[in-house]
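Novice: The file below is upload.cif, mmCIF, C-alpha atoms:
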```
data_start
loop_
_atom_site.label_atom_id
_atom_site.label_comp_id
_atom_site.auth_asym_id
_atom_site.auth_seq_id
_atom_site.Cartn_x
_atom_site.Cartn_y
_atom_site.Cartn_z
CA MET A 15 -55.67 -49.12 -28.92
CA SER A 16 -51.98 -49.58 -29.61
CA LEU A 17 -50.79 -51.65 -32.47
CA PRO A 18 -49.72 -55.21 -31.74
CA TYR A 19 -46.10 -55.80 -30.99
CA PRO A 20 -44.41 -58.83 -32.55
CA VAL A 21 -44.78 -61.99 -30.55
CA ASP A 22 -42.30 -63.98 -32.57
CA PRO A 23 -39.41 -62.93 -34.84
CA THR A 24 -41.45 -63.75 -37.95
CA ASP A 25 -44.33 -61.55 -36.92
CA SER A 26 -43.29 -57.91 -37.47
CA GLU A 27 -46.46 -57.13 -39.41
CA PHE A 28 -46.98 -53.91 -41.30
CA GLY A 29 -49.14 -52.16 -38.74
CA ARG A 30 -46.61 -52.87 -36.02
CA MET A 31 -44.24 -50.39 -37.59
CA PHE A 32 -46.32 -47.64 -36.02
CA SER A 33 -46.83 -46.76 -32.38
CA ASN A 34 -50.62 -46.51 -32.26
CA ILE A 35 -53.72 -46.59 -34.42
CA SER A 36 -53.83 -42.87 -35.00
CA THR A 37 -50.39 -42.85 -36.61
CA PHE A 38 -51.43 -45.81 -38.75
CA VAL A 39 -54.54 -43.95 -39.94
CA ASP A 40 -52.54 -40.80 -40.62
CA LYS A 41 -49.88 -42.76 -42.49
CA PHE A 42 -52.37 -44.11 -45.03
CA ASN A 43 -54.87 -41.23 -44.99
CA THR A 44 -57.66 -43.60 -44.02
CA THR A 45 -60.95 -42.57 -42.45
CA SER A 46 -63.08 -44.25 -39.86
CA THR A 47 -65.30 -45.60 -42.63
CA SER A 48 -62.54 -46.93 -44.88
CA PHE A 49 -60.44 -48.31 -42.05
CA HIS A 50 -62.56 -51.39 -41.47
CA ASP A 51 -60.26 -54.38 -41.93
CA TYR A 52 -57.21 -53.92 -39.77
CA PRO A 53 -55.78 -57.49 -40.13
CA CYS A 54 -55.67 -57.03 -43.92
CA GLU A 55 -54.14 -53.56 -43.59
CA MET A 56 -51.40 -55.14 -41.47
CA LEU A 57 -50.60 -57.47 -44.35
CA GLY A 58 -49.99 -54.44 -46.54
CA LEU A 59 -53.25 -54.58 -48.47
CA THR A 60 -53.62 -50.80 -48.67
CA PRO A 61 -54.35 -48.54 -51.65
CA GLN A 62 -50.75 -47.29 -51.54
CA ILE A 63 -48.82 -50.57 -51.83
CA GLY A 64 -51.45 -53.32 -52.05
CA ALA A 65 -50.79 -54.15 -55.72
CA ALA A 66 -47.03 -54.26 -55.22
CA ILE A 67 -47.21 -56.52 -52.17
CA LEU A 68 -49.52 -59.12 -53.75
CA PRO A 69 -46.82 -61.29 -55.43
CA SER A 70 -44.87 -61.85 -52.20
CA LEU A 71 -48.07 -62.30 -50.18
CA ARG A 72 -49.34 -64.95 -52.59
CA PHE A 73 -45.94 -66.64 -52.50
CA TYR A 74 -46.16 -66.77 -48.72
CA LEU A 75 -49.69 -68.18 -48.86
CA TYR A 76 -49.00 -70.96 -51.37
CA ALA A 77 -45.57 -71.89 -50.01
CA SER A 78 -46.62 -71.86 -46.35
CA THR A 79 -49.69 -74.00 -47.12
CA MET A 80 -47.46 -76.49 -48.96
CA PHE A 81 -45.01 -76.56 -46.03
CA VAL A 82 -47.82 -77.04 -43.51
CA ILE A 83 -49.28 -80.00 -45.42
CA SER A 84 -45.96 -81.68 -46.24
CA GLY A 85 -44.61 -80.92 -42.78
CA LEU A 86 -47.57 -82.48 -40.99
CA ILE A 87 -47.28 -85.63 -43.12
CA GLY A 88 -43.51 -85.86 -42.72
CA ASN A 89 -43.56 -85.15 -38.99
CA SER A 90 -46.31 -87.75 -38.48
CA LEU A 91 -44.16 -90.37 -40.21
CA SER A 92 -41.20 -89.28 -38.08
CA VAL A 93 -43.28 -89.80 -34.94
CA LEU A 94 -44.09 -93.34 -36.09
CA VAL A 95 -40.41 -94.11 -36.69
CA PHE A 96 -38.98 -92.58 -33.51
CA SER A 97 -41.71 -94.06 -31.30
CA SER A 98 -41.12 -97.61 -32.62
CA ARG A 99 -39.66 -100.21 -30.28
CA GLU A 100 -36.32 -100.34 -32.10
CA MET A 101 -35.79 -96.56 -31.93
CA ARG A 102 -37.06 -95.77 -28.43
CA GLY A 103 -33.90 -97.03 -26.76
CA ILE A 104 -31.69 -94.24 -28.17
CA SER A 105 -31.63 -91.04 -26.14
CA SER A 106 -31.26 -88.75 -29.17
CA ASN A 107 -34.47 -90.16 -30.63
CA VAL A 108 -36.37 -88.87 -27.60
CA TYR A 109 -35.49 -85.34 -28.67
CA LEU A 110 -36.28 -86.05 -32.33
CA LEU A 111 -39.65 -87.58 -31.43
CA LEU A 112 -40.70 -84.53 -29.43
CA LEU A 113 -39.23 -82.23 -32.08
CA ALA A 114 -41.53 -83.78 -34.69
CA ILE A 115 -44.54 -83.26 -32.40
CA SER A 116 -43.50 -79.70 -31.55
CA ASP A 117 -42.92 -78.80 -35.21
CA SER A 118 -46.36 -80.18 -36.13
CA LEU A 119 -48.11 -78.10 -33.48
CA TYR A 120 -46.23 -75.01 -34.62
CA LEU A 121 -47.26 -75.59 -38.24
CA LEU A 122 -50.89 -76.06 -37.22
CA SER A 123 -50.85 -72.83 -35.21
CA VAL A 124 -49.26 -70.94 -38.13
CA PHE A 125 -52.01 -72.15 -40.46
CA LEU A 126 -54.77 -71.19 -38.03
CA THR A 127 -53.31 -67.73 -37.46
CA LYS A 128 -51.29 -66.18 -40.29
CA THR A 129 -52.34 -68.41 -43.19
CA LEU A 130 -56.10 -68.30 -42.57
CA THR A 131 -55.96 -64.53 -42.20
CA THR A 132 -54.11 -64.25 -45.52
CA ILE A 133 -56.64 -66.53 -47.25
CA ARG A 134 -59.53 -64.43 -45.98
CA CYS A 135 -57.95 -61.12 -46.95
CA LEU A 136 -57.05 -62.30 -50.46
CA TYR A 137 -60.06 -64.40 -51.42
CA PHE A 138 -62.90 -64.26 -48.84
CA PRO A 139 -62.88 -60.72 -47.39
CA ASN A 140 -66.44 -60.92 -46.03
CA SER A 141 -66.01 -64.27 -44.26
CA ALA A 142 -64.99 -65.01 -40.71
CA ALA A 143 -62.34 -67.57 -41.75
CA ASP A 144 -59.58 -65.99 -39.67
CA ILE A 145 -60.73 -67.41 -36.34
CA PHE A 146 -57.56 -66.01 -34.77
CA ASN A 147 -59.02 -62.49 -35.02
CA ARG A 148 -62.60 -63.43 -34.09
CA SER A 149 -62.32 -64.95 -30.62
CA THR A 150 -60.47 -63.72 -27.54
CA THR A 151 -59.93 -67.29 -26.34
CA LEU A 152 -58.52 -68.47 -29.67
CA CYS A 153 -56.42 -65.31 -29.92
CA LYS A 154 -54.65 -66.04 -26.63
CA LEU A 155 -54.50 -69.82 -27.15
CA LEU A 156 -53.18 -69.83 -30.72
CA GLN A 157 -50.65 -67.06 -30.14
CA HIS A 158 -49.35 -68.84 -27.05
CA THR A 159 -49.23 -72.17 -28.90
CA MET A 160 -47.32 -70.70 -31.84
CA ASP A 161 -44.75 -68.94 -29.66
CA MET A 162 -44.39 -71.81 -27.25
CA PHE A 163 -43.66 -74.52 -29.80
CA SER A 164 -41.37 -72.24 -31.78
CA ASP A 165 -39.35 -71.76 -28.57
CA TYR A 166 -39.62 -75.43 -27.62
CA SER A 167 -38.36 -76.69 -30.98
CA THR A 168 -35.35 -74.39 -30.75
CA CYS A 169 -34.52 -75.62 -27.24
CA LEU A 170 -34.90 -79.27 -28.30
CA ILE A 171 -32.43 -78.70 -31.13
CA LEU A 172 -30.04 -77.12 -28.62
CA ALA A 173 -30.48 -80.09 -26.26
CA PHE A 174 -29.63 -82.79 -28.80
CA THR A 175 -26.76 -80.68 -30.14
CA ILE A 176 -25.29 -80.62 -26.62
CA GLU A 177 -25.80 -84.39 -26.41
CA ARG A 178 -23.97 -84.93 -29.71
CA TYR A 179 -21.15 -82.69 -28.48
CA ILE A 180 -20.80 -84.95 -25.42
CA ALA A 181 -20.90 -88.06 -27.62
CA ILE A 182 -18.07 -86.73 -29.81
CA TYR A 183 -15.85 -85.14 -27.18
CA LEU A 184 -16.63 -87.32 -24.13
CA PRO A 185 -17.45 -90.75 -25.60
CA ILE A 186 -16.45 -92.64 -22.45
CA ARG A 187 -18.87 -90.70 -20.26
CA PHE A 188 -21.62 -90.48 -22.87
CA LYS A 189 -23.65 -93.49 -21.72
CA SER A 190 -23.69 -92.36 -18.10
CA LEU A 191 -24.48 -88.72 -18.93
CA CYS A 192 -26.98 -89.19 -21.78
CA SER A 193 -29.53 -91.89 -21.00
CA VAL A 194 -33.08 -92.15 -22.32
CA ARG A 195 -34.42 -91.30 -18.86
CA ARG A 196 -32.33 -88.13 -18.65
CA ALA A 197 -33.41 -87.12 -22.14
CA ARG A 198 -37.07 -87.42 -21.13
CA ILE A 199 -36.44 -85.40 -17.98
CA ALA A 200 -34.62 -82.72 -19.99
CA CYS A 201 -37.48 -82.49 -22.51
CA ALA A 202 -40.10 -82.20 -19.77
CA THR A 203 -38.06 -79.58 -17.91
CA ILE A 204 -37.60 -77.47 -21.05
CA PHE A 205 -41.32 -77.65 -21.84
CA ILE A 206 -42.32 -76.56 -18.34
CA ALA A 207 -39.75 -73.74 -18.29
CA VAL A 208 -40.91 -72.31 -21.63
CA CYS A 209 -44.58 -72.62 -20.71
CA ILE A 210 -44.17 -70.98 -17.30
CA PHE A 211 -42.16 -68.10 -18.73
CA ILE A 212 -44.36 -67.10 -21.68
CA ALA A 213 -47.86 -68.10 -20.50
CA PRO A 214 -48.51 -65.26 -17.99
CA TYR A 215 -47.87 -62.31 -20.28
CA HIS A 216 -49.56 -64.00 -23.25
CA ILE A 217 -52.68 -64.46 -21.13
CA MET A 218 -52.61 -61.02 -19.51
CA TYR A 219 -51.34 -58.74 -22.28
CA ILE A 220 -52.64 -60.25 -25.53
CA GLY A 221 -56.28 -60.07 -26.49
CA LEU A 222 -58.87 -59.25 -29.11
CA PHE A 223 -59.65 -55.61 -29.69
CA ASN A 224 -63.20 -56.05 -30.91
CA ASN A 225 -63.58 -52.67 -32.60
CA TYR A 226 -61.07 -53.79 -35.21
CA ASN A 227 -61.29 -57.61 -34.96
CA VAL A 228 -57.56 -58.04 -34.46
CA CYS A 229 -55.54 -60.12 -32.03
CA THR A 230 -53.08 -57.68 -30.51
CA VAL A 231 -51.11 -56.53 -27.48
CA LEU A 232 -53.62 -54.72 -25.32
CA ASP A 233 -53.51 -50.97 -24.86
CA GLY A 234 -51.22 -49.83 -22.07
CA PHE A 235 -49.08 -52.98 -21.93
CA GLU A 236 -46.80 -52.41 -24.91
CA THR A 237 -43.69 -51.51 -22.90
CA VAL A 238 -43.84 -54.43 -20.46
CA PHE A 239 -44.77 -56.87 -23.25
CA THR A 240 -41.89 -55.67 -25.41
CA ALA A 241 -39.42 -56.11 -22.55
CA LEU A 242 -40.65 -59.62 -21.78
CA TYR A 243 -40.72 -60.53 -25.46
CA ILE A 244 -37.12 -59.44 -25.96
CA VAL A 245 -36.06 -61.57 -22.98
CA GLU A 246 -38.01 -64.52 -24.41
CA ALA A 247 -36.43 -64.14 -27.84
CA LEU A 248 -32.94 -63.89 -26.38
CA VAL A 249 -33.27 -66.81 -23.95
CA PHE A 250 -35.22 -69.27 -26.08
CA ARG A 251 -34.18 -68.41 -29.65
CA VAL A 252 -31.25 -66.09 -30.25
CA ILE A 253 -28.80 -67.39 -27.64
CA PRO A 254 -29.65 -71.06 -28.37
CA VAL A 255 -29.07 -70.49 -32.09
CA PHE A 256 -25.62 -69.02 -31.48
CA VAL A 257 -24.74 -71.86 -29.08
CA ILE A 258 -25.98 -74.41 -31.64
CA ALA A 259 -23.81 -72.79 -34.32
CA LEU A 260 -20.75 -72.85 -32.05
CA LEU A 261 -21.22 -76.49 -30.99
CA ASN A 262 -21.90 -77.58 -34.57
CA GLY A 263 -18.65 -76.00 -35.69
CA MET A 264 -16.75 -77.85 -32.96
CA ILE A 265 -18.53 -81.13 -33.77
CA ILE A 266 -17.70 -80.83 -37.47
CA VAL A 267 -14.03 -80.15 -36.70
CA ARG A 268 -13.85 -83.15 -34.37
CA VAL A 269 -15.67 -85.49 -36.79
CA THR A 270 -13.36 -84.45 -39.63
CA LYS A 271 -10.29 -85.27 -37.54
CA LEU A 272 -11.72 -88.64 -36.48
CA ARG A 273 -12.47 -89.60 -40.07
CA ARG A 274 -8.94 -88.70 -41.17
CA ARG A 275 -7.49 -90.87 -38.40
CA LYS A 276 -9.78 -93.73 -39.38
CA ARG A 277 -8.72 -93.55 -43.03
CA LYS A 278 -5.03 -93.51 -42.05
CA ARG A 279 -5.52 -96.46 -39.71
CA ASN A 280 -7.35 -98.49 -42.34
CA ALA A 281 -4.70 -97.68 -44.95
CA SER A 282 -1.92 -98.87 -42.64
CA MET A 283 -3.59 -102.21 -41.83
CA THR A 284 -2.28 -105.27 -43.67
CA PRO A 285 -4.66 -107.87 -45.17
CA ALA A 286 -3.52 -110.37 -42.53
CA SER A 287 -4.41 -108.06 -39.66
CA GLN A 288 -7.83 -107.41 -41.19
CA THR A 289 -8.64 -111.14 -41.29
CA GLY A 290 -7.24 -111.97 -37.86
CA GLY A 291 -9.05 -113.48 -34.90
CA HIS A 292 -10.36 -110.13 -33.69
CA SER A 293 -12.00 -109.20 -37.00
CA ASN A 294 -15.52 -109.87 -35.69
CA ASN A 295 -15.05 -107.57 -32.71
CA ARG A 296 -13.51 -104.97 -34.98
CA ASN A 297 -16.44 -105.20 -37.37
CA GLN A 298 -18.92 -104.79 -34.51
CA ARG A 299 -17.10 -101.71 -33.27
CA THR A 300 -17.02 -100.33 -36.80
CA ARG A 301 -20.77 -100.82 -37.26
CA LYS A 302 -21.45 -99.17 -33.91
CA ALA A 303 -19.19 -96.25 -34.79
CA ASP A 304 -20.88 -95.91 -38.18
CA LYS A 305 -24.32 -95.73 -36.54
CA SER A 306 -23.10 -93.08 -34.13
CA MET A 307 -21.53 -91.11 -36.99
CA GLN A 308 -24.72 -91.39 -39.03
CA LEU A 309 -26.76 -90.04 -36.12
CA THR A 310 -24.28 -87.22 -35.66
CA ILE A 311 -24.57 -86.26 -39.34
CA ILE A 312 -28.39 -86.25 -39.15
CA LEU A 313 -28.44 -84.06 -36.03
CA VAL A 314 -25.89 -81.64 -37.46
CA LEU A 315 -27.98 -81.32 -40.63
CA VAL A 316 -31.16 -80.65 -38.63
CA SER A 317 -29.56 -78.04 -36.39
CA THR A 318 -27.69 -76.38 -39.25
CA SER A 319 -30.84 -76.11 -41.37
CA TYR A 320 -32.61 -74.43 -38.46
CA ILE A 321 -29.81 -71.88 -38.14
CA LEU A 322 -30.00 -71.11 -41.86
CA VAL A 323 -33.77 -70.47 -41.80
CA PHE A 324 -33.62 -68.47 -38.56
CA ILE A 325 -30.88 -65.99 -39.49
CA PRO A 326 -32.89 -64.14 -42.22
CA VAL A 327 -35.83 -63.76 -39.83
CA LEU A 328 -33.55 -62.42 -37.12
CA VAL A 329 -31.95 -59.93 -39.53
CA HIS A 330 -35.39 -58.75 -40.64
CA PHE A 331 -36.51 -58.30 -37.05
CA VAL A 332 -33.40 -56.26 -36.20
CA LEU A 333 -33.94 -54.07 -39.27
CA TRP A 334 -37.57 -53.58 -38.26
CA LYS A 335 -36.54 -52.44 -34.78
CA MET A 336 -33.95 -50.09 -36.29
CA ARG A 337 -36.58 -48.71 -38.64
CA VAL A 338 -39.00 -48.05 -35.78
CA SER A 339 -36.19 -46.19 -33.96
CA ASN A 340 -35.48 -44.15 -37.13
CA TRP A 341 -31.93 -45.54 -37.35
CA VAL A 342 -32.44 -46.73 -40.93
CA ASP A 343 -34.72 -45.59 -43.74
CA ILE A 344 -36.37 -48.59 -45.38
CA SER A 345 -39.60 -48.40 -47.36
CA ASP A 346 -42.81 -50.03 -46.21
CA LEU A 347 -42.91 -52.16 -49.33
CA ALA A 348 -39.36 -53.45 -48.82
CA MET A 349 -40.08 -54.38 -45.20
CA LEU A 350 -43.29 -56.19 -46.06
CA THR A 351 -41.91 -58.00 -49.08
CA SER A 352 -38.85 -59.24 -47.23
CA GLN A 353 -41.06 -60.23 -44.31
CA ASN A 354 -43.20 -62.50 -46.49
CA TYR A 355 -40.14 -64.28 -47.90
CA THR A 356 -38.24 -64.61 -44.62
CA ARG A 357 -41.35 -65.82 -42.81
CA THR A 358 -41.91 -68.48 -45.47
CA LEU A 359 -38.30 -69.62 -45.13
CA TYR A 360 -38.67 -69.83 -41.35
CA ILE A 361 -41.82 -71.96 -41.62
CA SER A 362 -40.01 -74.34 -43.96
CA GLY A 363 -37.58 -75.16 -41.15
CA PHE A 364 -40.41 -76.89 -39.27
CA ALA A 365 -41.34 -79.01 -42.28
CA ILE A 366 -38.09 -80.33 -43.77
CA ASN A 367 -36.67 -82.54 -41.03
CA PHE A 368 -38.35 -85.69 -42.36
CA PHE A 369 -36.65 -85.18 -45.72
CA LEU A 370 -33.30 -84.66 -44.00
CA TYR A 371 -33.78 -87.92 -42.08
CA THR A 372 -34.64 -89.90 -45.19
CA MET A 373 -31.80 -88.45 -47.26
CA SER A 374 -29.01 -88.87 -44.69
CA GLY A 375 -30.19 -91.64 -42.35
CA ARG A 376 -30.02 -95.24 -43.56
CA ILE A 377 -31.35 -96.55 -40.24
CA PHE A 378 -34.29 -94.14 -40.40
CA ARG A 379 -35.10 -95.26 -43.94
CA GLU A 380 -34.91 -98.92 -42.98
CA GLN A 381 -37.20 -98.42 -40.00
CA LEU A 382 -39.67 -96.41 -42.08
CA GLU A 383 -39.68 -99.11 -44.75
CA LYS A 384 -40.27 -101.76 -42.10
CA ILE A 385 -43.25 -99.84 -40.67
CA VAL A 386 -44.76 -99.35 -44.13
CA CYS A 387 -44.25 -103.02 -45.08
CA ASP A 388 -45.72 -104.24 -41.79
CA THR A 389 -48.76 -102.04 -42.35
CA GLN A 390 -49.23 -103.39 -45.88
CA ARG A 391 -48.92 -106.98 -44.65
CA ARG A 392 -51.54 -106.37 -41.96
CA ASP A 393 -53.86 -104.80 -44.53
CA ARG A 394 -53.47 -107.78 -46.88
CA SER A 395 -54.05 -110.16 -43.99
CA THR A 396 -57.22 -108.30 -43.04
CA VAL A 397 -58.47 -108.45 -46.64
CA VAL A 398 -57.75 -112.18 -46.91
CA THR A 399 -59.49 -112.88 -43.62
CA SER A 400 -62.57 -110.90 -44.63
CA VAL A 401 -62.70 -112.70 -48.02
CA GLU A 402 -62.47 -116.09 -46.33
CA ALA A 403 -65.20 -115.15 -43.90
CA THR A 404 -67.41 -113.98 -46.77
CA SER A 405 -66.84 -117.21 -48.72
CA VAL A 406 -67.76 -119.30 -45.69
CA LEU A 407 -70.96 -117.35 -45.24
#
```
Show this structure as structure tokens.
Specialist:
Amino acid sequence: MSLPYPVDPTDSEFGRMFSNISTFVDKFNTTSTSFHDYPCEMLGLTPQIGAAILPSLRFYLYASTMFVISGLIGNSLSVLVFSSREMRGISSNVYLLLLAISDSLYLLSVFLTKTLTTIRCLYFPNSAADIFNRSTTLCKLLQHTMDMFSDYSTCLILAFTIERYIAIYLPIRFKSLCSVRRARIACATIFIAVCIFIAPYHIMYIGLFNNYNVCTVLDGFETVFTALYIVEALVFRVIPVFVIALLNGMIIVRVTKLRRRKRKRNASMTPASQTGGHSNNRNQRTRKADKSMQLTIILVLVSTSYILVFIPVLVHFVLWKMRVSNWVDISDLAMLTSQNYTRTLYISGFAINFFLYTMSGRIFREQLEKIVCDTQRRDRSTVVTSVEATSVL
């Protein structure tokens, strides 16, 4: 059996630094009797460095669990807001709605794969809690789910960044180019493209090697899987991130110029001109421009935060590949420790969008408050009705 190759940039586990199981056994001087828990060995829980790796591994466990819980709650509230009648008519909200769903599914898959395995290895070594490494079906399904929604979220962020670029640089053509219908078609097309590309080699080349209870790339398919994985990472993650960064830079430059012009125009207006007959129309245009600017700021924050959490993971992955090729000399402990921290940071990117919306989006906050208040009113009405019915009886 060959060791598993990484199936996402956060997943360059310890054992994957070696080419096959024999080199792994030789590296740590293990025997067939002591080498009984390969998933835990991959986390770095070995006699050589196990004690040193524990602090970062526990940090990953506690932080990732917190991000999964808070992310699922925040993303669920985001789904409620963006699926409301008032928000469905904006094309950008189509992307944000599906982004919240995609992020939630990614967080769930992370918990069922990496987090459960870490919990078992640290606290319940004799249990079968890590279902990811116990069932061939769950191995393929969860690994595909995790990779797919990581790719899908990245592509959704790229899609709404392109839309914001059009809104800023081509405002006259924006309505005709960026409708709700086209946004839905774009989201469906992206989903199908990602699924079709990654599903075949996840189904064929990933499986459970029962002798070691580990979900891995199957023996004999490492080369073809690595080639396909590199293409996947480039097409659905690395290239989109660089395009997002470029477009964000151009959007920020354009928005800064527009704000300067607006301030100069407002400063040059006399009080009489501000209270003229066209003041109502001017105020309506101002409110509309403010909403568009607010949406632009939210989307730039979301895309920028994703870039910031992705870059450390990408750097770690590149260093890992260089280490495997003997281009750099980095210790096992350093690779594992940095992996736990960069992976945690990456997971946080799928959990923080709700907080970005609430901090920077007045419209989002107002809609969320309206949903919460309506729910409370319905609950009070239900209680009053039930009390009245009880009193009548």
Novice: Apply the PyMOL selection byres ((chain A and resi 265) around 10) to the file shown and report the selected residues as a ChimeraX atom specification.
Specialist: /A:175-176,178-183,259-264,266-271,310-311,314
Novice: Expanded to explicit residues, what is the PyMOL selection byres ((chain A and resi 152) around 12) for this file, as a PyMOL selection string?
Specialist: chain A and resi 123+126-127+144-151+153-160+216-217+220-222+228-229
Novice: I'd like the interatomic distance between CA of Leu94 in chain A and CA of Gln390 in chain A, to a tenth of an Å.
Specialist: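 Calculated distance between CA of Leu94 in chain A and CA of Gln390 in chain A is 14.9 Å.
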Novice: Taking all atoms listed in the file into account, which of A:Thr203, A:Ser70, A:Gln62, A:Ser306 comes nearest Gln353 in chain A?
Specialist: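 Using all atoms listed in the file, the shortest distance to Gln353 in chain A belongs to A:Ser70.
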Novice: One decimal, Å: what's the distance from CA of Ala365 in chain A over to CA of Arg196 in chain A, could you say?
Specialist: 26.9 Å
Novice: Please build the interface table for range 74-175 of chain A against range 248-255 of chain A with a cut-off of 10 Å, listing for each qualifying residue the nearest atom pair and the distance in Å to one decimal; count only C-alpha atoms, order rows by chain and increasing number, and write it as a tab-separated table.
Specialist:
```
residue	atom	partner	partner_atom	distance
A:Met162	CA	A:Phe250	CA	9.6
A:Ser164	CA	A:Arg251	CA	8.4
A:Asp165	CA	A:Phe250	CA	5.4
A:Tyr166	CA	A:Phe250	CA	7.7
A:Ser167	CA	A:Arg251	CA	9.4
A:Thr168	CA	A:Arg251	CA	6.2
A:Cys169	CA	A:Phe250	CA	6.5
A:Leu170	CA	A:Pro254	CA	9.7
A:Ile171	CA	A:Pro254	CA	8.6
A:Leu172	CA	A:Pro254	CA	6.1
A:Ala173	CA	A:Pro254	CA	9.3
```
Novice: Select, from A:Leu313, A:Leu333, A:Cys209, A:Asn89, the residue with the minimum atom-to-atom distance to Asp346 in chain A, counting only C-alpha atoms.
Specialist: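 Smallest distance to Asp346 in chain A is found for A:Leu333.
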Novice: For a quick check of understanding, using all atoms listed in the file, which of A:Val329, A:Ile312, A:Leu75, A:Ala207 has the smallest distance to Tyr371 in chain A?
Specialist: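 Residue with the minimum atom-to-atom distance to Tyr371 in chain A: A:Ile312.
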Novice: I need the residue nearest Ser105 in chain A from this list: A:Thr129, A:Pro139, A:Leu309, A:Asn227. Use all atoms listed in the file for the distance.
Specialist: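 Of A:Thr129, A:Pro139, A:Leu309, A:Asn227, the one nearest Ser105 in chain A, counting all atoms listed in the file, is A:Leu309.
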Novice: Between CA of Leu130 in chain A and CA of Gly64 in chain A, what is the distance, to one decimal in Å?
Specialist: 18.3 Å
